[in-house]
$ cat query_5.cif   # mmCIF, C-alpha atoms and all ligand atoms
data_structure
#
loop_
_atom_site.label_atom_id
_atom_site.label_comp_id
_atom_site.auth_asym_id
_atom_site.auth_seq_id
_atom_site.Cartn_x
_atom_site.Cartn_y
_atom_site.Cartn_z
CA MET A 1105 -40.15 -186.52 166.67
CA LYS A 1106 -36.83 -184.78 166.58
CA GLU A 1107 -36.81 -181.11 167.46
CA ASN A 1108 -35.62 -180.04 164.05
CA TYR A 1109 -38.34 -177.59 163.23
CA LEU A 1110 -40.49 -175.03 164.91
CA LEU A 1111 -44.02 -176.07 165.81
CA ARG A 1112 -45.68 -173.61 168.08
CA PRO A 1113 -49.34 -173.11 168.85
CA ARG A 1114 -50.51 -169.70 167.79
CA GLY A 1115 -53.75 -168.16 168.92
CA LEU A 1116 -54.37 -164.77 167.40
CA SER A 1117 -57.69 -163.83 168.86
CA ARG A 1118 -57.24 -160.19 167.88
CA PHE A 1119 -57.46 -161.29 164.24
CA ASP A 1120 -60.41 -163.53 165.02
CA LEU A 1121 -58.70 -166.65 163.70
CA ASP A 1122 -58.85 -170.19 164.93
CA PRO A 1123 -55.73 -171.26 166.83
CA PHE A 1124 -53.15 -172.72 164.49
CA PHE A 1125 -49.62 -174.12 164.42
CA LEU A 1126 -46.77 -172.50 162.59
CA ILE A 1127 -44.34 -174.97 161.14
CA ALA A 1128 -41.18 -173.34 159.90
CA GLU A 1129 -37.72 -174.24 158.78
CA PRO A 1130 -35.05 -174.01 161.45
CA ARG A 1131 -32.86 -170.95 161.06
CA GLU A 1132 -29.64 -172.82 160.45
CA SER A 1133 -30.65 -176.22 159.19
CA PRO A 1134 -27.67 -178.33 158.16
CA CYS A 1135 -29.88 -180.67 156.14
CA VAL A 1136 -31.64 -179.03 153.22
CA ALA A 1137 -32.81 -181.29 150.40
CA GLU A 1138 -31.59 -180.63 146.87
CA SER A 1139 -33.48 -181.27 143.64
CA ASN A 1140 -32.57 -184.46 141.85
CA ARG A 1141 -30.97 -183.15 138.67
CA ASP A 1142 -31.86 -186.36 136.87
CA ALA A 1143 -35.57 -185.58 137.35
CA PRO A 1144 -36.24 -182.06 136.03
CA GLU A 1145 -39.16 -180.23 137.55
CA GLU A 1146 -42.07 -179.15 135.36
CA TYR A 1147 -44.05 -175.99 136.00
CA GLN A 1148 -47.28 -174.55 134.69
CA LYS A 1149 -46.61 -171.75 132.21
CA ILE A 1150 -48.70 -168.63 132.69
CA PHE A 1151 -49.11 -166.20 129.80
CA CYS A 1152 -51.03 -162.97 130.38
CA ARG A 1153 -53.27 -161.88 127.50
CA THR A 1154 -53.03 -158.26 128.69
CA LEU A 1155 -49.44 -157.68 129.85
CA PRO A 1156 -46.54 -159.78 128.47
CA GLY A 1157 -44.46 -158.89 131.54
CA HIS A 1158 -46.75 -161.08 133.63
CA ARG A 1159 -45.46 -164.24 131.95
CA ARG A 1160 -44.17 -166.54 134.65
CA ALA A 1161 -43.98 -170.06 136.02
CA GLY A 1162 -47.06 -171.18 137.90
CA LYS A 1163 -47.64 -174.25 140.00
CA ARG A 1164 -45.18 -177.09 139.95
CA LEU A 1165 -46.69 -179.94 137.91
CA SER A 1166 -44.16 -182.65 138.76
CA ASN A 1167 -43.82 -184.32 142.11
CA LEU A 1168 -40.78 -183.50 144.22
CA ASP A 1169 -37.76 -185.71 143.69
CA VAL A 1170 -34.94 -184.77 146.06
CA ILE A 1171 -31.54 -185.78 147.32
CA ILE A 1172 -30.95 -185.46 151.06
CA PRO A 1173 -27.35 -184.47 151.84
CA CYS A 1174 -27.22 -185.73 155.45
CA ASP A 1175 -27.35 -189.17 157.03
CA SER A 1176 -29.30 -188.07 160.12
CA VAL A 1177 -32.57 -187.11 158.44
CA PRO A 1178 -34.94 -184.81 160.29
CA ASP A 1179 -38.65 -185.67 160.57
CA VAL A 1180 -39.53 -182.61 158.53
CA ILE A 1181 -37.28 -181.97 155.55
CA PHE A 1182 -37.16 -178.63 153.79
CA THR A 1183 -35.84 -178.02 150.30
CA TRP A 1184 -33.90 -174.99 149.07
CA MET A 1185 -37.19 -173.73 147.64
CA SER A 1186 -38.84 -174.04 151.10
CA GLU A 1187 -40.97 -176.99 150.08
CA CYS A 1188 -41.65 -179.36 152.92
CA LEU A 1189 -41.40 -183.15 153.04
CA VAL A 1190 -42.54 -185.31 155.93
CA HIS A 1191 -42.05 -188.93 156.87
CA ASP A 1192 -45.07 -191.22 157.07
CA ARG A 1193 -44.72 -191.31 160.86
CA VAL A 1194 -45.09 -187.53 160.99
CA LEU A 1195 -48.29 -187.74 158.97
CA GLN A 1196 -49.54 -190.33 161.42
CA VAL A 1197 -48.91 -187.88 164.29
CA PHE A 1198 -50.77 -185.15 162.37
CA GLN A 1199 -53.71 -187.50 161.83
CA ASP A 1200 -53.69 -188.67 165.45
CA GLU A 1201 -53.74 -185.04 166.59
CA ARG A 1202 -56.49 -184.28 164.03
CA PHE A 1203 -54.55 -181.50 162.35
CA THR A 1204 -56.32 -179.94 159.39
CA GLY A 1205 -55.41 -177.40 156.73
CA PHE A 1206 -52.99 -179.56 154.78
CA SER A 1207 -52.85 -182.20 152.13
CA THR A 1208 -49.99 -184.30 150.83
CA ARG A 1209 -48.58 -185.20 147.49
CA PRO A 1210 -46.31 -188.09 146.44
CA ALA A 1211 -42.60 -187.36 146.60
CA LYS A 1212 -39.33 -189.18 146.16
CA ALA A 1213 -36.31 -188.76 148.41
CA ARG A 1214 -33.03 -190.55 148.69
CA LEU A 1215 -29.91 -190.13 150.76
CA LYS A 1216 -26.92 -188.64 148.98
CA GLY A 1217 -24.45 -190.88 150.79
CA SER A 1218 -25.99 -194.36 150.65
CA GLY A 1219 -28.59 -193.85 147.95
CA ALA A 1220 -31.25 -195.32 150.27
CA THR A 1221 -34.80 -194.19 149.52
CA LEU A 1222 -37.08 -192.70 152.15
CA SER A 1223 -40.84 -192.96 152.49
CA VAL A 1224 -41.93 -189.33 152.44
CA ARG A 1225 -44.70 -187.12 151.08
CA GLU A 1226 -44.75 -183.44 150.28
CA LEU A 1227 -46.74 -181.41 152.81
CA LEU A 1228 -49.05 -178.80 151.28
CA VAL A 1229 -50.82 -176.14 153.29
CA THR A 1230 -54.40 -175.77 152.07
CA GLY A 1231 -55.70 -173.03 154.30
CA TRP A 1232 -55.62 -169.30 153.80
CA GLY A 1233 -54.91 -166.82 156.56
CA GLY A 1234 -57.10 -164.16 155.02
CA VAL A 1235 -56.38 -160.59 154.13
CA ALA A 1236 -53.51 -159.11 156.11
CA PRO A 1237 -54.67 -156.36 158.47
CA GLU A 1238 -53.53 -152.86 157.58
CA ALA A 1239 -51.40 -152.73 160.73
CA SER A 1240 -49.17 -155.49 159.28
CA GLY A 1241 -47.79 -153.05 156.70
CA ILE A 1242 -48.54 -155.45 153.85
CA ARG A 1243 -50.35 -153.78 150.98
CA GLU A 1244 -51.55 -154.74 147.55
CA VAL A 1245 -49.64 -152.90 144.83
CA GLU A 1246 -50.83 -154.61 141.68
CA ARG A 1247 -53.52 -157.12 140.69
CA CYS A 1248 -54.20 -158.39 137.17
CA VAL A 1249 -57.67 -159.75 136.48
CA ALA A 1250 -56.46 -161.30 133.22
CA CYS A 1251 -53.87 -163.69 134.66
CA GLY A 1252 -54.14 -163.50 138.45
CA HIS A 1253 -50.79 -161.74 138.89
CA LEU A 1254 -50.73 -160.23 142.39
CA LEU A 1255 -48.00 -158.06 143.85
CA LEU A 1256 -47.91 -157.40 147.59
CA LEU A 1257 -45.30 -155.32 149.37
CA SER A 1258 -44.59 -154.54 152.98
CA ASN A 1259 -43.70 -151.09 154.26
ZN ZN B 1301 -51.63 -160.25 133.80
#
$ encode --input "query_5.cif" --output "structure tokens" --more "lines below"
Ligand SMILES: [Zn+2]
Amino acid sequence: MKENYLLRPRGLSRFDLDPFFLIAEPRESPCVAESNRDAPEEYQKIFCRTLPGHRRAGKRLSNLDVIIPCDSVPDVIFTWMSECLVHDRVLQVFQDERFTGFSTRPAKARLKGSGATLSVRELLVTGWGGVAPEASGIREVERCVACGHLLLLSN
């Protein structure tokens, strides 16, 4: 695979977690996928029965449909919304290495220049890292039991 993203083993024994890999977008990626404007995205609509200000978009209901602006496509493709697409060969590597904590979802991608389509899937992280320790500075500010609204801030 090309070295276009960060994949580092992380073992945080002080938090009593299993070792894991952090996959992140490169800091200055020249190839960020754009939404296909001909395929509008649909989102869940959340209405709070207690506080109208909690109205917001929820999960994306439609599959990703993106345009890739570069001809040299990285193995892991990020979108402007930090969604992550991977080629089938990357998924094969993940399966061969027995990675867990993710699922995939169908996605469409084509190159902006040639219009060629790519065989990709959206990568979805399924795990949860747990409650942030107090030392992290992250704290819960607001939680709504009616709609699930949750506001966290860092110091
Ligand atoms: Zn609410």
$ residues_around --input "query_5.cif" --residues "range 1162-1164 of chain A" --least-positions-apart "6" --cutoff "8 Å" --atoms "all atoms listed in the file" --output "PyMOL selection string"
chain A and resi 1145-1150
$ write_last_selection --input "query_5.cif" --atoms "C-alpha atoms" --output "mmCIF file, in the coordinates of the input"
data_model
loop_
_atom_site.group_PDB
_atom_site.id
_atom_site.type_symbol
_atom_site.label_atom_id
_atom_site.label_comp_id
_atom_site.auth_asym_id
_atom_site.auth_seq_id
_atom_site.Cartn_x
_atom_site.Cartn_y
_atom_site.Cartn_z
ATOM 1 C CA GLU A 1145 -39.160 -180.230 137.550
ATOM 2 C CA GLU A 1146 -42.070 -179.150 135.360
ATOM 3 C CA TYR A 1147 -44.050 -175.990 136.000
ATOM 4 C CA GLN A 1148 -47.280 -174.550 134.690
ATOM 5 C CA LYS A 1149 -46.610 -171.750 132.210
ATOM 6 C CA ILE A 1150 -48.700 -168.630 132.690
#
$ residues_near_ligand --input "query_5.cif" --ligand "ligand ZN 1301 (chain B)" --cutoff "10 Å" --atoms "all atoms listed in the file" --output "count of residues only"
20
$ closest_residue --input "query_5.cif" --among "A:Gly1231, A:Pro1237, A:Pro1144, A:Gly1217" --to "Asp1175 in chain A" --atoms "only C-alpha atoms"
A:Gly1217
$ residues_around --input "query_5.cif" --residues "Glu1226 in chain A" --least-positions-apart "6" --cutoff "6 Å" --atoms "all atoms listed in the file" --output "list in words"
Cys1188, Leu1189, Thr1208, Arg1209 and Ala1211 of chain A
$ atom_distance --input "query_5.cif" --atom1 "CA of Glu1244 in chain A" --atom2 "CA of Trp1232 in chain A"
16.4 Å
$ atom_distance --input "query_5.cif" --atom1 "CA of Thr1230 in chain A" --atom2 "CA of Ser1207 in chain A"
6.6 Å
$ atom_distance --input "query_5.cif" --atom1 "CA of Arg1193 in chain A" --atom2 "CA of Gly1233 in chain A"
26.9 Å
$ closest_residue --input "query_5.cif" --among "A:Val1194, A:Ala1213, A:Leu1255, A:Ala1128" --to "Val1170 in chain A" --atoms "all atoms listed in the file"
A:Ala1213
$ residues_near_point --input "query_5.cif" --point "(-28.9, -188.8, 147.9)" --cutoff "12 Å" --atoms "only C-alpha atoms" --output "compact mmCIF listing (two decimals) with C-alpha atoms, in the coordinates of the input"
# COMPACT_ATOMS: atom_id res chain seq x y z
CA CYS A 1135 -29.88 -180.67 156.14
CA VAL A 1136 -31.64 -179.03 153.22
CA ALA A 1137 -32.81 -181.29 150.40
CA GLU A 1138 -31.59 -180.63 146.87
CA SER A 1139 -33.48 -181.27 143.64
CA ASN A 1140 -32.57 -184.46 141.85
CA ARG A 1141 -30.97 -183.15 138.67
CA ASP A 1142 -31.86 -186.36 136.87
CA ASP A 1169 -37.76 -185.71 143.69
CA VAL A 1170 -34.94 -184.77 146.06
CA ILE A 1171 -31.54 -185.78 147.32
CA ILE A 1172 -30.95 -185.46 151.06
CA PRO A 1173 -27.35 -184.47 151.84
CA CYS A 1174 -27.22 -185.73 155.45
CA ASP A 1175 -27.35 -189.17 157.03
CA VAL A 1177 -32.57 -187.11 158.44
CA LYS A 1212 -39.33 -189.18 146.16
CA ALA A 1213 -36.31 -188.76 148.41
CA ARG A 1214 -33.03 -190.55 148.69
CA LEU A 1215 -29.91 -190.13 150.76
CA LYS A 1216 -26.92 -188.64 148.98
CA GLY A 1217 -24.45 -190.88 150.79
CA SER A 1218 -25.99 -194.36 150.65
CA GLY A 1219 -28.59 -193.85 147.95
CA ALA A 1220 -31.25 -195.32 150.27
CA THR A 1221 -34.80 -194.19 149.52
CA LEU A 1222 -37.08 -192.70 152.15
$ closest_residue --input "query_5.cif" --among "A:Leu1227, A:Ala1236, A:Thr1204, A:Ile1242" --to "Glu1187 in chain A" --atoms "all atoms listed in the file"
A:Leu1227
$ residues_around --input "query_5.cif" --residues "Val1224 in chain A" --least-positions-apart "3" --cutoff "6 Å" --atoms "only C-alpha atoms" --output "number ranges by chain"
A: 1190-1192
$ build_atoms --input "query_5.cif" --residues "range 1234-1259 of chain A" --atoms "N, CA and C atoms" --output "PDB file, in the coordinates of the input"
ATOM      1  N   GLY A1234     -56.251-165.330 155.224  1.00  0.00           N
ATOM      2  CA  GLY A1234     -57.100-164.160 155.020  1.00  0.00           C
ATOM      3  C   GLY A1234     -56.308-162.934 154.644  1.00  0.00           C
ATOM      4  N   VAL A1235     -56.997-161.854 154.512  1.00  0.00           N
ATOM      5  CA  VAL A1235     -56.380-160.590 154.130  1.00  0.00           C
ATOM      6  C   VAL A1235     -55.588-160.048 155.312  1.00  0.00           C
ATOM      7  N   ALA A1236     -54.359-159.651 155.043  1.00  0.00           N
ATOM      8  CA  ALA A1236     -53.510-159.110 156.110  1.00  0.00           C
ATOM      9  C   ALA A1236     -54.109-157.803 156.624  1.00  0.00           C
ATOM     10  N   PRO A1237     -54.168-157.622 157.939  1.00  0.00           N
ATOM     11  CA  PRO A1237     -54.670-156.360 158.470  1.00  0.00           C
ATOM     12  C   PRO A1237     -53.746-155.203 158.086  1.00  0.00           C
ATOM     13  N   GLU A1238     -54.298-154.033 157.985  1.00  0.00           N
ATOM     14  CA  GLU A1238     -53.530-152.860 157.580  1.00  0.00           C
ATOM     15  C   GLU A1238     -52.328-152.623 158.493  1.00  0.00           C
ATOM     16  N   ALA A1239     -52.480-152.941 159.763  1.00  0.00           N
ATOM     17  CA  ALA A1239     -51.400-152.730 160.730  1.00  0.00           C
ATOM     18  C   ALA A1239     -50.164-153.576 160.414  1.00  0.00           C
ATOM     19  N   SER A1240     -50.308-154.635 159.614  1.00  0.00           N
ATOM     20  CA  SER A1240     -49.170-155.490 159.280  1.00  0.00           C
ATOM     21  C   SER A1240     -48.189-154.774 158.341  1.00  0.00           C
ATOM     22  N   GLY A1241     -48.644-153.755 157.644  1.00  0.00           N
ATOM     23  CA  GLY A1241     -47.790-153.050 156.700  1.00  0.00           C
ATOM     24  C   GLY A1241     -47.787-153.677 155.318  1.00  0.00           C
ATOM     25  N   ILE A1242     -48.473-154.798 155.164  1.00  0.00           N
ATOM     26  CA  ILE A1242     -48.540-155.450 153.850  1.00  0.00           C
ATOM     27  C   ILE A1242     -49.667-154.812 153.054  1.00  0.00           C
ATOM     28  N   ARG A1243     -49.341-154.435 151.820  1.00  0.00           N
ATOM     29  CA  ARG A1243     -50.350-153.780 150.980  1.00  0.00           C
ATOM     30  C   ARG A1243     -50.289-154.310 149.557  1.00  0.00           C
ATOM     31  N   GLU A1244     -51.467-154.299 148.934  1.00  0.00           N
ATOM     32  CA  GLU A1244     -51.550-154.740 147.550  1.00  0.00           C
ATOM     33  C   GLU A1244     -51.102-153.611 146.651  1.00  0.00           C
ATOM     34  N   VAL A1245     -50.171-153.904 145.743  1.00  0.00           N
ATOM     35  CA  VAL A1245     -49.640-152.900 144.830  1.00  0.00           C
ATOM     36  C   VAL A1245     -50.189-153.094 143.428  1.00  0.00           C
ATOM     37  N   GLU A1246     -50.390-154.341 143.036  1.00  0.00           N
ATOM     38  CA  GLU A1246     -50.830-154.610 141.680  1.00  0.00           C
ATOM     39  C   GLU A1246     -51.624-155.903 141.643  1.00  0.00           C
ATOM     40  N   ARG A1247     -52.710-155.905 140.859  1.00  0.00           N
ATOM     41  CA  ARG A1247     -53.520-157.120 140.690  1.00  0.00           C
ATOM     42  C   ARG A1247     -53.993-157.136 139.245  1.00  0.00           C
ATOM     43  N   CYS A1248     -53.792-158.254 138.575  1.00  0.00           N
ATOM     44  CA  CYS A1248     -54.200-158.390 137.170  1.00  0.00           C
ATOM     45  C   CYS A1248     -55.368-159.364 137.088  1.00  0.00           C
ATOM     46  N   VAL A1249     -56.497-158.884 136.597  1.00  0.00           N
ATOM     47  CA  VAL A1249     -57.670-159.750 136.480  1.00  0.00           C
ATOM     48  C   VAL A1249     -57.519-160.728 135.321  1.00  0.00           C
ATOM     49  N   ALA A1250     -56.628-160.426 134.386  1.00  0.00           N
ATOM     50  CA  ALA A1250     -56.460-161.300 133.220  1.00  0.00           C
ATOM     51  C   ALA A1250     -55.711-162.588 133.566  1.00  0.00           C
ATOM     52  N   CYS A1251     -54.698-162.498 134.407  1.00  0.00           N
ATOM     53  CA  CYS A1251     -53.870-163.690 134.660  1.00  0.00           C
ATOM     54  C   CYS A1251     -53.715-164.023 136.147  1.00  0.00           C
ATOM     55  N   GLY A1252     -54.243-163.211 137.022  1.00  0.00           N
ATOM     56  CA  GLY A1252     -54.140-163.500 138.450  1.00  0.00           C
ATOM     57  C   GLY A1252     -52.855-163.000 139.097  1.00  0.00           C
ATOM     58  N   HIS A1253     -52.011-162.290 138.327  1.00  0.00           N
ATOM     59  CA  HIS A1253     -50.790-161.740 138.890  1.00  0.00           C
ATOM     60  C   HIS A1253     -51.149-160.834 140.080  1.00  0.00           C
ATOM     61  N   LEU A1254     -50.462-161.013 141.185  1.00  0.00           N
ATOM     62  CA  LEU A1254     -50.730-160.230 142.390  1.00  0.00           C
ATOM     63  C   LEU A1254     -49.402-159.841 142.997  1.00  0.00           C
ATOM     64  N   LEU A1255     -49.231-158.562 143.256  1.00  0.00           N
ATOM     65  CA  LEU A1255     -48.000-158.060 143.850  1.00  0.00           C
ATOM     66  C   LEU A1255     -48.329-157.410 145.178  1.00  0.00           C
ATOM     67  N   LEU A1256     -47.736-157.945 146.245  1.00  0.00           N
ATOM     68  CA  LEU A1256     -47.910-157.400 147.590  1.00  0.00           C
ATOM     69  C   LEU A1256     -46.558-156.920 148.080  1.00  0.00           C
ATOM     70  N   LEU A1257     -46.535-155.823 148.772  1.00  0.00           N
ATOM     71  CA  LEU A1257     -45.300-155.320 149.370  1.00  0.00           C
ATOM     72  C   LEU A1257     -45.561-154.968 150.818  1.00  0.00           C
ATOM     73  N   SER A1258     -44.476-154.988 151.601  1.00  0.00           N
ATOM     74  CA  SER A1258     -44.590-154.540 152.980  1.00  0.00           C
ATOM     75  C   SER A1258     -43.876-153.202 153.106  1.00  0.00           C
ATOM     76  N   ASN A1259     -44.289-152.427 154.070  1.00  0.00           N
ATOM     77  CA  ASN A1259     -43.700-151.090 154.260  1.00  0.00           C
ATOM     78  C   ASN A1259     -42.273-151.191 154.747  1.00  0.00           C
TER      79      ASN A1259
END
